[in-house]
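Novice: This is the content of protein.txt (compact mmCIF, C-alpha atoms):
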# COMPACT_ATOMS: atom_id res chain seq x y z
CA MET A 17 10.18 11.40 1.39
CA LYS A 18 6.93 12.36 -0.37
CA ARG A 19 6.12 15.08 -2.88
CA ASN A 20 2.39 15.71 -2.36
CA ILE A 21 -0.75 14.85 -0.45
CA ILE A 22 -3.31 13.05 -2.59
CA LEU A 23 -6.96 12.87 -1.53
CA ILE A 24 -8.96 9.91 -2.81
CA GLY A 25 -12.50 8.79 -2.10
CA THR A 26 -16.01 8.53 -3.41
CA MET A 27 -17.70 11.35 -5.23
CA GLY A 28 -19.42 13.65 -2.76
CA SER A 29 -17.06 12.74 0.09
CA GLY A 30 -15.74 16.31 0.35
CA LYS A 31 -12.30 15.95 -1.29
CA SER A 32 -12.39 19.23 -3.22
CA HIS A 33 -13.59 21.35 -0.30
CA LEU A 34 -11.13 19.82 2.16
CA GLY A 35 -8.33 19.83 -0.43
CA ARG A 36 -8.67 23.54 -1.24
CA ASN A 37 -8.60 24.42 2.45
CA LEU A 38 -5.71 22.06 3.24
CA ALA A 39 -3.64 23.50 0.37
CA GLU A 40 -4.33 27.03 1.59
CA ALA A 41 -3.34 26.09 5.16
CA LYS A 42 -0.06 24.59 3.92
CA GLY A 43 0.69 27.33 1.37
CA TRP A 44 0.68 24.69 -1.38
CA GLN A 45 -1.13 24.56 -4.70
CA PHE A 46 -4.45 22.73 -5.05
CA VAL A 47 -5.03 20.43 -8.02
CA ASP A 48 -8.34 18.75 -8.93
CA THR A 49 -7.95 16.01 -11.54
CA ASP A 50 -11.55 16.43 -12.75
CA ARG A 51 -10.88 20.12 -13.47
CA LEU A 52 -7.71 19.17 -15.39
CA LEU A 53 -9.73 16.75 -17.52
CA GLU A 54 -12.35 19.45 -18.12
CA ARG A 55 -9.64 21.88 -19.26
CA ARG A 56 -8.00 19.31 -21.50
CA TYR A 57 -11.24 18.56 -23.36
CA ASN A 58 -12.88 21.97 -22.84
CA LEU A 59 -16.04 20.23 -21.59
CA PRO A 60 -17.74 19.63 -18.21
CA ILE A 61 -16.63 16.35 -16.63
CA ALA A 62 -19.95 14.59 -17.37
CA GLN A 63 -19.55 15.42 -21.08
CA VAL A 64 -15.91 14.30 -21.07
CA TYR A 65 -17.13 10.93 -19.79
CA GLU A 66 -19.88 10.78 -22.44
CA LYS A 67 -17.42 11.66 -25.20
CA LEU A 68 -14.70 9.19 -24.17
CA GLY A 69 -16.66 6.33 -22.62
CA GLU A 70 -15.56 4.60 -19.43
CA LYS A 71 -12.41 2.89 -20.74
CA LEU A 72 -10.86 5.98 -22.37
CA PHE A 73 -12.02 8.22 -19.51
CA ARG A 74 -10.18 6.02 -17.01
CA ALA A 75 -7.07 5.98 -19.22
CA ALA A 76 -7.13 9.80 -19.46
CA GLU A 77 -7.56 10.03 -15.68
CA ARG A 78 -4.60 7.66 -15.09
CA GLU A 79 -2.44 9.71 -17.46
CA ILE A 80 -3.25 12.89 -15.53
CA LEU A 81 -2.56 11.13 -12.21
CA LYS A 82 0.90 10.06 -13.40
CA LYS A 83 1.71 13.68 -14.26
CA VAL A 84 0.35 15.37 -11.15
CA CYS A 85 1.93 12.93 -8.70
CA LEU A 86 5.31 14.29 -9.87
CA TYR A 87 4.39 17.82 -8.74
CA HIS A 88 5.86 19.12 -5.48
CA GLU A 89 4.00 20.62 -2.54
CA SER A 90 0.53 20.06 -3.97
CA VAL A 91 -2.73 18.83 -2.50
CA ILE A 92 -4.29 16.75 -5.26
CA SER A 93 -7.96 15.75 -5.27
CA VAL A 94 -8.61 12.70 -7.45
CA GLY A 95 -12.01 12.40 -9.12
CA GLY A 96 -14.28 9.96 -7.30
CA ASN A 97 -16.15 8.63 -10.34
CA PHE A 98 -14.26 5.34 -10.15
CA PRO A 99 -12.28 3.61 -7.42
CA ILE A 100 -8.55 3.72 -8.09
CA ASP A 101 -7.18 0.29 -8.89
CA VAL A 102 -4.63 -1.09 -6.43
CA ARG A 103 -1.76 -0.87 -8.94
CA THR A 104 -2.39 2.86 -9.50
CA LEU A 105 -2.72 3.42 -5.75
CA ARG A 106 0.67 1.76 -5.13
CA TYR A 107 2.23 3.95 -7.83
CA LEU A 108 0.79 7.09 -6.22
CA GLN A 109 2.04 6.03 -2.79
CA ARG A 110 5.63 6.14 -4.05
CA TYR A 111 5.25 9.91 -4.50
CA ALA A 112 2.46 11.01 -2.21
CA TYR A 113 0.90 10.65 1.20
CA ILE A 114 -2.56 9.21 0.48
CA VAL A 115 -5.51 10.46 2.50
CA GLY A 116 -8.80 8.63 2.00
CA ILE A 117 -11.80 10.93 2.35
CA ARG A 118 -15.12 9.36 3.25
CA ALA A 119 -18.51 10.41 4.53
CA ALA A 120 -21.74 8.75 5.65
CA ASN A 121 -24.15 7.59 2.96
CA TYR A 122 -26.80 10.22 3.75
CA ARG A 123 -24.24 13.06 3.59
CA ILE A 124 -22.95 11.92 0.18
CA VAL A 125 -26.53 11.62 -1.13
CA LYS A 126 -27.23 15.18 0.03
CA ARG A 127 -24.04 16.54 -1.59
CA VAL A 128 -24.61 14.67 -4.87
CA ASN A 129 -28.22 15.85 -5.11
CA ARG A 130 -27.01 19.47 -4.92
CA ARG A 131 -25.25 19.01 -8.26
CA ILE A 132 -27.63 16.91 -10.35
CA GLY A 133 -26.19 16.05 -13.75
CA LYS A 134 -22.62 17.04 -12.83
CA ARG A 135 -21.34 13.57 -11.91
CA PRO A 136 -20.77 11.35 -14.92
CA THR A 137 -21.41 7.91 -13.47
CA MET A 138 -24.18 8.73 -10.99
CA ASP A 139 -27.57 7.04 -11.31
CA TYR A 140 -29.81 10.01 -10.45
CA ASP A 141 -32.90 7.75 -10.46
CA ASP A 142 -31.54 5.88 -7.42
CA VAL A 143 -28.92 8.07 -5.75
CA GLY A 144 -29.19 6.28 -2.39
CA GLY A 145 -28.72 2.82 -3.93
CA PHE A 146 -25.89 4.00 -6.14
CA VAL A 147 -24.08 5.64 -3.20
CA GLU A 148 -24.48 2.50 -1.07
CA SER A 149 -22.95 0.26 -3.75
CA MET A 150 -20.21 2.84 -4.46
CA LEU A 151 -19.25 2.87 -0.75
CA GLN A 152 -18.93 -0.93 -0.77
CA VAL A 153 -16.59 -0.81 -3.78
CA TRP A 154 -14.41 1.87 -2.16
CA LYS A 155 -14.18 0.09 1.23
CA PRO A 156 -11.06 -2.04 0.47
CA LEU A 157 -9.22 0.98 -0.96
CA TYR A 158 -9.70 3.01 2.21
CA ARG A 159 -7.82 0.27 4.08
CA LYS A 160 -4.76 0.90 1.89
CA CYS A 161 -4.61 4.67 2.53
CA ASP A 162 -2.01 6.24 4.81
CA LEU A 163 -4.82 8.03 6.66
CA VAL A 164 -8.62 8.06 6.41
CA ILE A 165 -10.65 11.16 7.32
CA ASP A 166 -14.43 11.16 7.70
CA THR A 167 -16.02 14.48 6.68
CA THR A 168 -19.55 13.65 7.89
CA TYR A 169 -19.49 15.73 11.07
CA GLY A 170 -16.03 17.29 11.25
CA ARG A 171 -15.30 20.99 10.90
CA THR A 172 -12.84 21.64 8.08
CA GLU A 173 -10.28 23.28 10.42
CA ASP A 174 -10.38 20.27 12.78
CA LEU A 175 -9.95 17.82 9.88
CA ILE A 176 -6.94 19.79 8.60
CA ASP A 177 -5.43 19.82 12.10
CA ARG A 178 -5.89 16.04 12.28
CA ILE A 179 -4.13 15.53 8.92
CA HIS A 180 -1.19 17.71 10.03
CA GLU A 181 -1.02 15.89 13.38
CA VAL A 182 -0.92 12.39 11.83
CA ILE A 183 1.60 13.41 9.15
CA GLU A 184 3.86 14.77 11.89
CA GLN A 185 3.39 11.63 14.05
CA ASP A 186 4.22 9.44 11.03
CA GLY A 187 7.41 11.46 10.42
CA ILE A 188 6.49 12.24 6.82
CA VAL A 189 8.78 14.73 5.10
CA PHE A 190 7.80 16.44 1.85
CA LYS A 191 10.27 17.31 -0.86
CA LYS A 192 10.28 21.06 -1.39
CA ARG A 193 9.91 22.78 -4.73
CA ARG A 194 13.13 24.25 -5.98
CA PRO A 195 12.74 27.98 -6.41
CA LEU A 196 13.87 29.39 -9.74
CA THR A 197 16.92 31.56 -9.25
CA GLY A 198 17.17 34.97 -10.87
CA GLY A 199 20.12 33.77 -13.00
CA LYS A 200 18.17 30.86 -14.45
CA ARG A 201 15.27 33.11 -15.35
CA ARG A 202 17.59 35.54 -17.14
CA GLU A 203 19.26 32.69 -19.03
CA LYS A 204 15.92 31.38 -20.23
CA SER A 205 14.69 34.80 -21.33
CA SER A 206 17.97 35.66 -23.07
CA ASN A 207 17.99 32.35 -24.95
CA SER A 208 14.52 33.00 -26.29
CA ASN A 209 15.57 36.23 -28.06
Could I get this structure in the form of C-alpha cells?
Specialist:
Amino acid sequence: MKRNIILIGTMGSGKSHLGRNLAEAKGWQFVDTDRLLERRYNLPIAQVYEKLGEKLFRAAEREILKKVCLYHESVISVGGNFPIDVRTLRYLQRYAYIVGIRAANYRIVKRVNRRIGKRPTMDYDDVGGFVESMLQVWKPLYRKCDLVIDTTYGRTEDLIDRIHEVIEQDGIVFKKRRPLTGGKRREKSSNSN
C-alpha cells in the first residue's frame, strides 16, 4: 500500500505541469518541494541555493522529502536540481509510487531557456551541454522508478491516462486520508478555549 505518487526527474522535464494536472484528475493535493523550500526561506529557489550552498540545500531538500512522503493522497513533484541518491529513492519507495519524468534534450533546453535565472544549478552559458550531462547522471535513477513517462511529445491527458492505467495494472492501492469527524473538530476547538 502506498500513500502518494512522487514525480522525480531532471529540471525542465515537465514534473510540475504534469503533477498539477495529475493531482487535479485524482482529486488529490499537489506538492512541489521547490515551492516548499521557497516558502521556508522566503526566497526564490535560486537564492535559497545561493544562501545555503549545495550541501545544506540538499540536506534541506531531503528533510522536506521525508516530511512530504508521509502525506496521503498527494502528487509530489521533487525538484530536479540534483539527482536523488539511491538511499533516498529507496526510502521514498516505501511510501510512494515513483514516476520518473523525462524529456528529450532539446525539449528540456527549450523549457529551461524560458526561465533563465530560475534554476539554481543551471549553467546558462552552455544549457545544451549542461542538459546532456544532467541526463546522463539521471539515467540510472530512471531505471529504479516504478514507471517512467516521457513528456517530449505526449499530451498531458494521455500521459495521465497512462499513469492511471499502469498503476491499475500493477495493483497499487493508495492509503486514504482519514477525514476529520465533526466530534474531533469540536473537541479540539473546545480544548483551545
Novice: Env of segment 79-91 of chain A: 8 Å cut, atoms = all atoms listed in the file, seq-sep filter 6 positions within chain, self excluded. Answer as a PyMOL selection string.
Specialist: chain A and resi 19-23+35-36+38-39+44-47+49+52-53+108+111-112+190-193
Novice: With a distance cut-off of 12 Å and only C-alpha atoms, select the neighbouring residues of Gln152 of chain A, excluding the residue or stretch itself and same-chain residues fewer than 5 positions from it, and output the selection as a compact mmCIF listing (two decimals) with C-alpha atoms, in the coordinates of the input.
Specialist:
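Written out: around02.txt:
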# COMPACT_ATOMS: atom_id res chain seq x y z
CA GLY A 25 -12.50 8.79 -2.10
CA THR A 26 -16.01 8.53 -3.41
CA PRO A 99 -12.28 3.61 -7.42
CA ARG A 118 -15.12 9.36 3.25
CA ALA A 120 -21.74 8.75 5.65
CA ASN A 121 -24.15 7.59 2.96
CA GLY A 145 -28.72 2.82 -3.93
CA PHE A 146 -25.89 4.00 -6.14
CA VAL A 147 -24.08 5.64 -3.20
CA LEU A 157 -9.22 0.98 -0.96
CA TYR A 158 -9.70 3.01 2.21
Novice: Looking at A:Ile24, A:Ile176, A:Val94, A:Val143, which one is nearest to Lys155 of chain A, with distances taken over all atoms listed in the file?
Specialist: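 Closest residue, counting all atoms listed in the file: A:Ile24.
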Novice: Draw an axis-aligned box tight on the listed atoms of segment 165-168 of chain A, then pad every side by 3 Å and write out centre and edge lengths in Å to one decimal as lines of an AutoDock Vina configuration file.
Specialist:
center_x = -15.1
center_y = 12.8
center_z = 7.3
size_x = 14.9
size_y = 9.3
size_z = 7.2
Novice: Of the residues A:Met150, A:Val64, A:Val189, A:Cys161, which is the one nearest to Gly96 of chain A, using all atoms listed in the file?
Specialist: A:Met150
Novice: How many Å lie between atom CA of Asp186 of chain A and atom CA of Arg103 of chain A, rounded to one decimal?
Specialist: 23.3 Å
Novice: Quick one, how far is atom CA of Gly28 of chain A from atom CA of Arg127 of chain A?
Specialist: 5.6 Å
Novice: How many Å separate atom CA of Thr172 of chain A from atom CA of Gly144 of chain A?
Specialist: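 So the answer is 24.8 Å.
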Novice: Check the smallest atom-to-atom distance from each of A:Arg55, A:Lys31, A:Lys67, A:Arg178 to Gly116 of chain A using all atoms listed in the file, then report the winner.
Specialist: A:Lys31
Novice: Taking the partial coordinates given, rebuild segment 92-125 of chain A to contain N, CA and C atoms; return it as a compact mmCIF listing (two decimals), in the frame of the given file.
Specialist:
# COMPACT_ATOMS: atom_id res chain seq x y z
N ILE A 92 -3.66 17.20 -4.02
CA ILE A 92 -4.29 16.75 -5.26
C ILE A 92 -5.55 15.97 -4.92
N SER A 93 -6.68 16.44 -5.45
CA SER A 93 -7.96 15.75 -5.27
C SER A 93 -8.23 14.92 -6.52
N VAL A 94 -8.40 13.62 -6.33
CA VAL A 94 -8.61 12.70 -7.45
C VAL A 94 -10.11 12.48 -7.61
N GLY A 95 -10.59 12.60 -8.84
CA GLY A 95 -12.01 12.40 -9.12
C GLY A 95 -12.52 11.10 -8.52
N GLY A 96 -13.73 11.13 -7.98
CA GLY A 96 -14.28 9.96 -7.30
C GLY A 96 -15.26 9.16 -8.15
N ASN A 97 -15.22 9.37 -9.48
CA ASN A 97 -16.15 8.63 -10.34
C ASN A 97 -15.89 7.13 -10.32
N PHE A 98 -14.64 6.75 -10.18
CA PHE A 98 -14.26 5.34 -10.15
C PHE A 98 -13.29 5.12 -9.00
N PRO A 99 -13.33 3.92 -8.39
CA PRO A 99 -12.28 3.61 -7.42
C PRO A 99 -10.95 3.48 -8.15
N ILE A 100 -9.89 3.89 -7.51
CA ILE A 100 -8.55 3.72 -8.09
C ILE A 100 -8.19 2.26 -7.96
N ASP A 101 -7.60 1.69 -9.02
CA ASP A 101 -7.18 0.29 -8.89
C ASP A 101 -5.94 0.24 -8.00
N VAL A 102 -5.70 -0.93 -7.42
CA VAL A 102 -4.63 -1.09 -6.43
C VAL A 102 -3.27 -0.77 -7.04
N ARG A 103 -3.05 -1.15 -8.29
CA ARG A 103 -1.76 -0.87 -8.94
C ARG A 103 -1.51 0.64 -9.04
N THR A 104 -2.52 1.39 -9.42
CA THR A 104 -2.39 2.86 -9.50
C THR A 104 -2.16 3.44 -8.11
N LEU A 105 -2.87 2.93 -7.12
CA LEU A 105 -2.72 3.42 -5.75
C LEU A 105 -1.28 3.20 -5.26
N ARG A 106 -0.72 2.03 -5.53
CA ARG A 106 0.67 1.76 -5.13
C ARG A 106 1.63 2.72 -5.82
N TYR A 107 1.39 3.01 -7.09
CA TYR A 107 2.23 3.95 -7.83
C TYR A 107 2.17 5.33 -7.17
N LEU A 108 0.97 5.79 -6.85
CA LEU A 108 0.79 7.09 -6.22
C LEU A 108 1.47 7.15 -4.85
N GLN A 109 1.45 6.04 -4.12
CA GLN A 109 2.04 6.03 -2.79
C GLN A 109 3.56 6.19 -2.82
N ARG A 110 4.18 5.91 -3.94
CA ARG A 110 5.63 6.14 -4.05
C ARG A 110 5.94 7.63 -3.97
N TYR A 111 5.01 8.47 -4.41
CA TYR A 111 5.25 9.91 -4.50
C TYR A 111 4.45 10.74 -3.50
N ALA A 112 3.39 10.18 -2.97
CA ALA A 112 2.46 11.01 -2.21
C ALA A 112 1.98 10.30 -0.94
N TYR A 113 1.58 11.12 0.01
CA TYR A 113 0.90 10.65 1.20
C TYR A 113 -0.58 10.59 0.82
N ILE A 114 -1.19 9.42 0.94
CA ILE A 114 -2.56 9.21 0.48
C ILE A 114 -3.55 9.33 1.64
N VAL A 115 -4.46 10.28 1.49
CA VAL A 115 -5.51 10.46 2.50
C VAL A 115 -6.84 10.06 1.86
N GLY A 116 -7.47 9.05 2.44
CA GLY A 116 -8.80 8.63 2.00
C GLY A 116 -9.84 9.53 2.65
N ILE A 117 -10.75 10.06 1.84
CA ILE A 117 -11.80 10.93 2.35
C ILE A 117 -13.13 10.18 2.21
N ARG A 118 -13.83 10.04 3.30
CA ARG A 118 -15.12 9.36 3.25
C ARG A 118 -16.16 10.15 4.03
N ALA A 119 -17.40 9.78 3.82
CA ALA A 119 -18.51 10.41 4.53
C ALA A 119 -19.64 9.38 4.62
N ALA A 120 -20.58 9.64 5.50
CA ALA A 120 -21.74 8.75 5.65
C ALA A 120 -22.60 8.81 4.39
N ASN A 121 -23.28 7.73 4.13
CA ASN A 121 -24.15 7.59 2.96
C ASN A 121 -25.08 8.79 2.79
N TYR A 122 -25.80 9.15 3.87
CA TYR A 122 -26.80 10.22 3.75
C TYR A 122 -26.16 11.56 3.38
N ARG A 123 -24.93 11.80 3.88
CA ARG A 123 -24.24 13.06 3.59
C ARG A 123 -23.82 13.11 2.11
N ILE A 124 -23.34 11.98 1.59
CA ILE A 124 -22.95 11.92 0.18
C ILE A 124 -24.18 12.13 -0.70
N VAL A 125 -25.29 11.47 -0.36
CA VAL A 125 -26.53 11.62 -1.13
C VAL A 125 -26.93 13.10 -1.18
